[in-house]
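Participant: The structure that follows is given in the form of C-alpha cells.
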Amino acid sequence: MLEMVTDWSARFAAFAGRFAERFSRVEPRRQMVFYLRGLLAEAERKNGWTLAEMAGETGPQGMQRLLNFYAWDAEGMRDDVRTAVVDVLGDAERGVLIADETGFVKKGTKSAGVARQYSGTAGRIENSQIGVFLAYASDRGRALIDRELYLPKEWIADRGRCAAAGIPDDVGFATKPELAQLMVERALAARIPFAWFTADEAYGQVGRLRLWLEEHDIAHVLAVPKSQMVISMDLRQRRVHTVIADVDPATWQRLPCGDGAHGQRIYDWAAVDIRPLRRPGVDHWLLARRSVSDPTETAYYICFGPADTDIHELVRVAGSRWAIEESFQTAKNETGLDHYQVRRYQAWYRHITLSMAAAAFLVITRDAAKKGDLHPV
C-alpha cells in the first residue's frame with residue numbers, strides 16, 4: 001500500500017509539473033496543484049470551499065483568485081492536457097475525435113452564457129450553460145481534450161452584459177458545430193494522431209461541417225435525422241430513411257459496437273453507397289443502426305472515408321461516440337466538472353481546464369496500472 005501511495009504521489013507531482021511553465025509566479029502554480037489535488041479527492045462536492053478545506057486553507061479566496069485573478073495561461077494548459085492524453089492514448093490508425101455538448105444547470109442570469117436552453121444533462125429546457133467538448137478515444141481509453149463555452153445570440157447582442165461577465169469584445173456568436181470545427185482545427189494544427197471524427201445529429205445535419213471535413217480529408221461518421229437528404233446512387237435526392245427502406249433484408253448484419261453498462265451494445269446494421277460522384281480513393285456511405293428489440297427504432301449516419309473501409313470499421317466509429325458521454329460522466333462524478341461556482345467567462349474556462357486535467361491524470365494512471373507500470377510518469 002505504501003508503495004502505491006508513493007507511486008501515486010510521484011506520478012501526480014510529475015503530471016502537475018507538465019503545467020509549470022503556464023504559471024509565471026509560484027503562488028498560482030502552487031494553488032493549481034492544490035486545486036488539482038482537491039478535484040481528485042473523494043469529496044462529494046468540489047467547490048471553492050471544499051477545495052480550500054482539503055488544501056488546509058481557511059476560506060475559498062485562494063481558489064477564487066486562481067480562477068478569477070491570477071495571471072496564467074489556461075489555453076496553454078489545455079494544450080498540455082491534450083498532449084498528455086495523446087501521449088498515452090494516441091493511435092493514428094484507430095483514434096477517434098468526438099464532439100458533443102453537455103449542460104451545466106445554473107441559477108440566475110449573470111453567469112457567462114447562461115440562458116433558458118435545452119440541456120441534455122437535464123433532458124429538458126433549463127436555465128443552464130452549455131459547453132461544447134472534444135474527446136479523444138482509442139482502444140486504450142478516452143478523455144476530454146478541448147472545450148468551448150457556447151454563448152447564445154442574446155448574449156452576444158448585449159455587449160454590456162458580456163462585459164459584466166468578462167466576455168471579450170472580440171468574441172462573437174458561434175454555433176455549436178462551429179465551435180466543434182474550431183476544436184478539430186486546433187487538433188489538426190497540433191498534429192494529433194487520429195483516423196476518424198464522429199458526432200451526433202446536432203453536428204451531423206450541418207452540411208457546412210461535413211463539407212469542411214471532406215475538404216480536409218477527415219474521415220467521419222456523423223449521425224443525421226431520418227429526414228436528412230442524400231444523393232443516392234441513381235443521382236436522386238432522397239431522404240435517408242427511404243434509402244434504407246429499400247435495402248435488401250439480407251444486407252443487415254448484427255454487430256456489436258462497444259461495451260455498455262449491461263454488456264456489449266448489439267444492433268442490426270446496414271451500409272449502402274451514396275453520392276456516386278466522388279474523388280478517387282474515397283467513398284461515401286449511408287449507415288443505419290436498427291434496434292434488435294424494436295426494429296422500428298433506427299438511427300442514420302452519413303459516412304466519408306477511405307474506399308476500402310468496411311462496415312465493421314464504420315460501426316466501430318459510430319459506437320465510439322458513447323466515449324464522450326462516458327468522459328462527461330467520469331469528469332462530473334470524479335473530478336468536479338460541473339461543481340464550479342463561477343460567473344465570469346475566463347473562470348469557466350479555467351475550472352473546466354483544471355477538471356479536464358484531473359480527469360486526464362486518472363486516465364494516465366489507470367493506463368499505467370493496466371500495464372503494471374509502477375514507475376513515475
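By convention here, the chains of the C-alpha cells are called A, B, ... in the order presented, each chain's residues are numbered starting at 1, and ligands are numbered starting at 1 in the order presented.
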I'd like the neighbourhood of region 353-355 of chain A as a VMD selection string, where a residue qualifies if any of its atoms comes within 10 Å (using only C-alpha atoms), though same-chain residues fewer than 6 positions away should be ignored.
Facilitator: chain A and resid 32 to 33 35 to 36 39 to 40 67 74 to 79 81 144 to 147 331 to 332 334 to 340 347 361
Participant: Can you tell me which residues surround Ala157 (chain A) at a distance of at most 12 Å, considering only C-alpha atoms, apart from same-chain residues fewer than 3 positions away, and format the answer as a count of residues only?
Facilitator: 13
Participant: Just asking: which residues within region 240-370 of chain A are helix (DSSP H, G or I) according to DSSP, as number ranges by chain?
Facilitator: A: 240-245, 249-251, 311-319, 322-334, 345-370
Participant: Quick one: distance from CA of Asp246 (chain A) to CA of Asp234 (chain A) in Å, one decimal?
Facilitator: 13.0 Å
Participant: Would you kindly return, as a ChimeraX atom specification, each protein, DNA or RNA residue with an atom no farther than 12 Å from any atom of Val96 (chain A), considering only C-alpha atoms and excluding same-chain residues fewer than 5 positions away?
Facilitator: /A:86,89-91,134-145,184,187,192-199,218-221,313-314,316-324
Participant: Using only C-alpha atoms, determine which residues lie at most 8 Å from Ala165 (chain A), disregarding the query and same-chain residues fewer than 2 positions distant; provide the list as a count of residues only.
Facilitator: 10
Participant: Quick one: everything within 8 Å of His241 (chain A), counting only C-alpha atoms, minus sequence neighbours fewer than 6 positions away in the same chain. Send it as a short mmCIF file (atom, residue, chain, number, x, y, z; two decimals) with C-alpha atoms, in the first residue's frame.
Facilitator:
```cif
data_model
loop_
_atom_site.label_atom_id
_atom_site.label_comp_id
_atom_site.auth_asym_id
_atom_site.auth_seq_id
_atom_site.Cartn_x
_atom_site.Cartn_y
_atom_site.Cartn_z
CA LYS A 226 -34.27 10.50 -40.72
CA SER A 227 -35.32 13.50 -42.84
CA TYR A 300 -28.79 7.04 -39.50
#
```
Participant: Just give me the gap between CA of Asn127 (chain A) and CA of Thr102 (chain A) in Å, one decimal is fine.
Facilitator: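 Taking CA of Asn127 (chain A) and CA of Thr102 (chain A), their separation equals 13.1 Å.
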Participant: So, with only C-alpha atoms as the atoms that count, which of A:Ile130, A:Val315, A:Ala245, A:Ala223 lies closest to Thr296 (chain A)?
Facilitator: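 Looking only at the distances to Thr296 (chain A), the closest residue turns out to be A:Ala245.
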Participant: Write out as a CSV table (one decimal) with N, CA, C and O atoms, in the first residue's frame the residues lying within 12 Å of Val105 (chain A), counting only C-alpha atoms and excluding same-chain residues fewer than 2 positions away.
Facilitator:
```csv
chain,number,residue,atom,x,y,z
A,102,THR,N,-22.5,19.3,-23.3
A,102,THR,CA,-23.1,18.9,-22.1
A,102,THR,C,-23.6,20.2,-21.3
A,102,THR,O,-23.0,21.3,-21.5
A,103,GLY,N,-24.6,20.1,-20.6
A,103,GLY,CA,-25.2,21.2,-19.9
A,103,GLY,C,-24.8,21.3,-18.4
A,103,GLY,O,-24.5,20.3,-17.8
A,107,LYS,N,-28.5,28.8,-11.7
A,107,LYS,CA,-29.5,29.8,-11.3
A,107,LYS,C,-29.0,31.2,-11.7
A,107,LYS,O,-27.9,31.4,-12.0
A,108,GLY,N,-30.0,32.1,-11.8
A,108,GLY,CA,-29.7,33.4,-12.1
A,108,GLY,C,-29.4,33.7,-13.6
A,108,GLY,O,-29.6,32.9,-14.5
A,109,THR,N,-29.0,34.9,-13.9
A,109,THR,CA,-28.8,35.4,-15.2
A,109,THR,C,-27.4,35.9,-15.5
A,109,THR,O,-27.1,36.4,-16.6
A,111,SER,N,-24.2,34.4,-14.9
A,111,SER,CA,-23.1,33.6,-15.3
A,111,SER,C,-22.9,33.6,-16.9
A,111,SER,O,-23.9,33.5,-17.6
A,113,GLY,N,-23.0,33.1,-20.6
A,113,GLY,CA,-23.7,32.2,-21.4
A,113,GLY,C,-24.9,31.5,-20.9
A,113,GLY,O,-25.6,30.8,-21.6
A,114,VAL,N,-25.3,31.8,-19.6
A,114,VAL,CA,-26.4,31.1,-19.1
A,114,VAL,C,-27.7,31.6,-19.7
A,114,VAL,O,-27.9,32.8,-20.1
A,115,ALA,N,-28.6,30.7,-20.0
A,115,ALA,CA,-29.9,31.1,-20.7
A,115,ALA,C,-30.9,29.9,-20.5
A,115,ALA,O,-30.5,28.8,-20.2
A,116,ARG,N,-32.1,30.1,-20.8
A,116,ARG,CA,-33.1,29.1,-20.9
A,116,ARG,C,-32.8,28.4,-22.2
A,116,ARG,O,-33.1,28.9,-23.3
A,117,GLN,N,-32.3,27.2,-22.1
A,117,GLN,CA,-31.9,26.4,-23.3
A,117,GLN,C,-32.0,24.9,-23.0
A,117,GLN,O,-31.9,24.5,-21.9
A,118,TYR,N,-32.0,24.1,-24.1
A,118,TYR,CA,-32.1,22.7,-23.9
A,118,TYR,C,-30.8,22.2,-23.3
A,118,TYR,O,-29.7,22.5,-23.9
A,119,SER,N,-30.9,21.4,-22.3
A,119,SER,CA,-29.8,20.8,-21.7
A,119,SER,C,-30.0,19.3,-21.7
A,119,SER,O,-30.9,18.7,-21.1
A,120,GLY,N,-29.1,18.6,-22.4
A,120,GLY,CA,-29.2,17.1,-22.5
A,120,GLY,C,-29.0,16.5,-21.1
A,120,GLY,O,-29.5,15.4,-20.8
A,121,THR,N,-28.2,17.2,-20.3
A,121,THR,CA,-28.0,16.7,-18.9
A,121,THR,C,-29.3,16.6,-18.1
A,121,THR,O,-29.6,15.6,-17.5
A,122,ALA,N,-30.1,17.7,-18.3
A,122,ALA,CA,-31.4,17.7,-17.6
A,122,ALA,C,-32.5,17.0,-18.4
A,122,ALA,O,-33.5,16.6,-17.8
A,123,GLY,N,-32.3,16.9,-19.7
A,123,GLY,CA,-33.3,16.3,-20.6
A,123,GLY,C,-34.5,17.2,-20.9
A,123,GLY,O,-35.5,16.7,-21.3
A,124,ARG,N,-34.3,18.5,-20.7
A,124,ARG,CA,-35.4,19.5,-20.9
A,124,ARG,C,-34.7,20.9,-21.0
A,124,ARG,O,-33.5,21.0,-20.9
A,125,ILE,N,-35.6,21.9,-21.3
A,125,ILE,CA,-35.1,23.2,-21.4
A,125,ILE,C,-34.9,23.7,-19.9
A,125,ILE,O,-35.8,23.6,-19.1
A,126,GLU,N,-33.7,24.2,-19.6
A,126,GLU,CA,-33.4,24.6,-18.3
A,126,GLU,C,-32.6,25.9,-18.3
A,126,GLU,O,-32.0,26.2,-19.4
A,127,ASN,N,-32.5,26.6,-17.2
A,127,ASN,CA,-31.6,27.7,-17.1
A,127,ASN,C,-30.2,27.1,-17.0
A,127,ASN,O,-29.9,26.5,-15.9
A,128,SER,N,-29.3,27.2,-18.0
A,128,SER,CA,-28.1,26.5,-17.9
A,128,SER,C,-27.0,27.1,-18.8
A,128,SER,O,-27.3,28.0,-19.7
A,129,GLN,N,-25.8,26.7,-18.6
A,129,GLN,CA,-24.7,26.9,-19.6
A,129,GLN,C,-24.5,25.7,-20.4
A,129,GLN,O,-24.7,24.6,-19.9
A,130,ILE,N,-24.0,25.8,-21.6
A,130,ILE,CA,-23.7,24.7,-22.5
A,130,ILE,C,-22.3,24.7,-22.9
A,130,ILE,O,-21.8,25.7,-23.4
A,131,GLY,N,-21.6,23.7,-22.6
A,131,GLY,CA,-20.2,23.5,-23.0
A,131,GLY,C,-20.1,22.6,-24.2
A,131,GLY,O,-20.7,21.5,-24.1
A,338,ASP,N,-18.7,19.8,-13.1
A,338,ASP,CA,-19.9,20.6,-13.0
A,338,ASP,C,-20.1,21.2,-11.6
A,338,ASP,O,-21.2,21.7,-11.3
A,339,HIS,N,-19.1,21.2,-10.8
A,339,HIS,CA,-19.2,21.6,-9.4
A,339,HIS,C,-18.8,23.1,-9.2
A,339,HIS,O,-18.7,23.6,-8.1
A,340,TYR,N,-18.5,23.8,-10.3
A,340,TYR,CA,-17.9,25.1,-10.1
A,340,TYR,C,-19.0,26.1,-9.7
A,340,TYR,O,-20.2,25.9,-9.9
A,341,GLN,N,-18.5,27.2,-9.1
A,341,GLN,CA,-19.3,28.3,-8.7
A,341,GLN,C,-18.7,29.6,-9.2
A,341,GLN,O,-18.2,30.4,-8.4
```
Participant: Counting only C-alpha atoms, which of A:Trp72, A:Asp100, A:Ala271, A:Arg290 gets nearest to Thr309 (chain A)?
Facilitator: A:Ala271
Participant: Give the answer as one residue: which of A:Thr50, A:Thr251, A:Gln329, A:Gln61 has the shortest atom-to-atom distance to Gln31 (chain A), using only C-alpha atoms?
Facilitator: A:Gln61
Participant: Which of these residues is nearest to Ala71 (chain A), using only C-alpha atoms: A:Arg208, A:Arg186, A:Arg236, A:Arg350?
Facilitator: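 The closest residue to Ala71 (chain A) is A:Arg350.
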Participant: For Val88 (chain A), work out the shell of residues within 7 Å, counting only C-alpha atoms and skipping chain neighbours fewer than 3 positions away, then give it as a PDB file with all heavy atoms, in the first residue's frame.
Facilitator:
```
ATOM      1  N   ALA A  84      -0.780  15.331 -23.056  1.00  0.00           N
ATOM      2  CA  ALA A  84      -0.642  14.274 -22.062  1.00  0.00           C
ATOM      3  C   ALA A  84      -1.565  13.100 -22.392  1.00  0.00           C
ATOM      4  O   ALA A  84      -1.176  11.930 -22.270  1.00  0.00           O
ATOM      5  CB  ALA A  84      -0.948  14.815 -20.671  1.00  0.00           C
ATOM      6  N   VAL A  85      -2.780  13.402 -22.813  1.00  0.00           N
ATOM      7  CA  VAL A  85      -3.742  12.358 -23.178  1.00  0.00           C
ATOM      8  C   VAL A  85      -3.259  11.578 -24.395  1.00  0.00           C
ATOM      9  O   VAL A  85      -3.251  10.343 -24.411  1.00  0.00           O
ATOM     10  CB  VAL A  85      -5.131  12.970 -23.438  1.00  0.00           C
ATOM     11  CG1 VAL A  85      -6.054  11.958 -24.121  1.00  0.00           C
ATOM     12  CG2 VAL A  85      -5.748  13.477 -22.140  1.00  0.00           C
ATOM     13  N   ILE A 364      -4.394   8.473 -17.365  1.00  0.00           N
ATOM     14  CA  ILE A 364      -2.978   8.104 -17.467  1.00  0.00           C
ATOM     15  C   ILE A 364      -2.610   7.096 -16.381  1.00  0.00           C
ATOM     16  O   ILE A 364      -1.898   6.110 -16.633  1.00  0.00           O
ATOM     17  CB  ILE A 364      -2.106   9.368 -17.369  1.00  0.00           C
ATOM     18  CG1 ILE A 364      -2.329  10.243 -18.597  1.00  0.00           C
ATOM     19  CG2 ILE A 364      -0.633   9.007 -17.226  1.00  0.00           C
ATOM     20  CD1 ILE A 364      -1.741  11.642 -18.466  1.00  0.00           C
TER      21      ILE A 364
END
```
Participant: A:Val247, A:Ala202, A:Asp294, A:Phe304: which is nearest His216 (chain A), counting only C-alpha atoms?
Facilitator: A:Phe304
Participant: CA of Ile231 (chain A) and CA of Arg275 (chain A), how far apart in Å?
Facilitator: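 Taking CA of Arg275 (chain A) and CA of Ile231 (chain A), their separation equals 5.1 Å.
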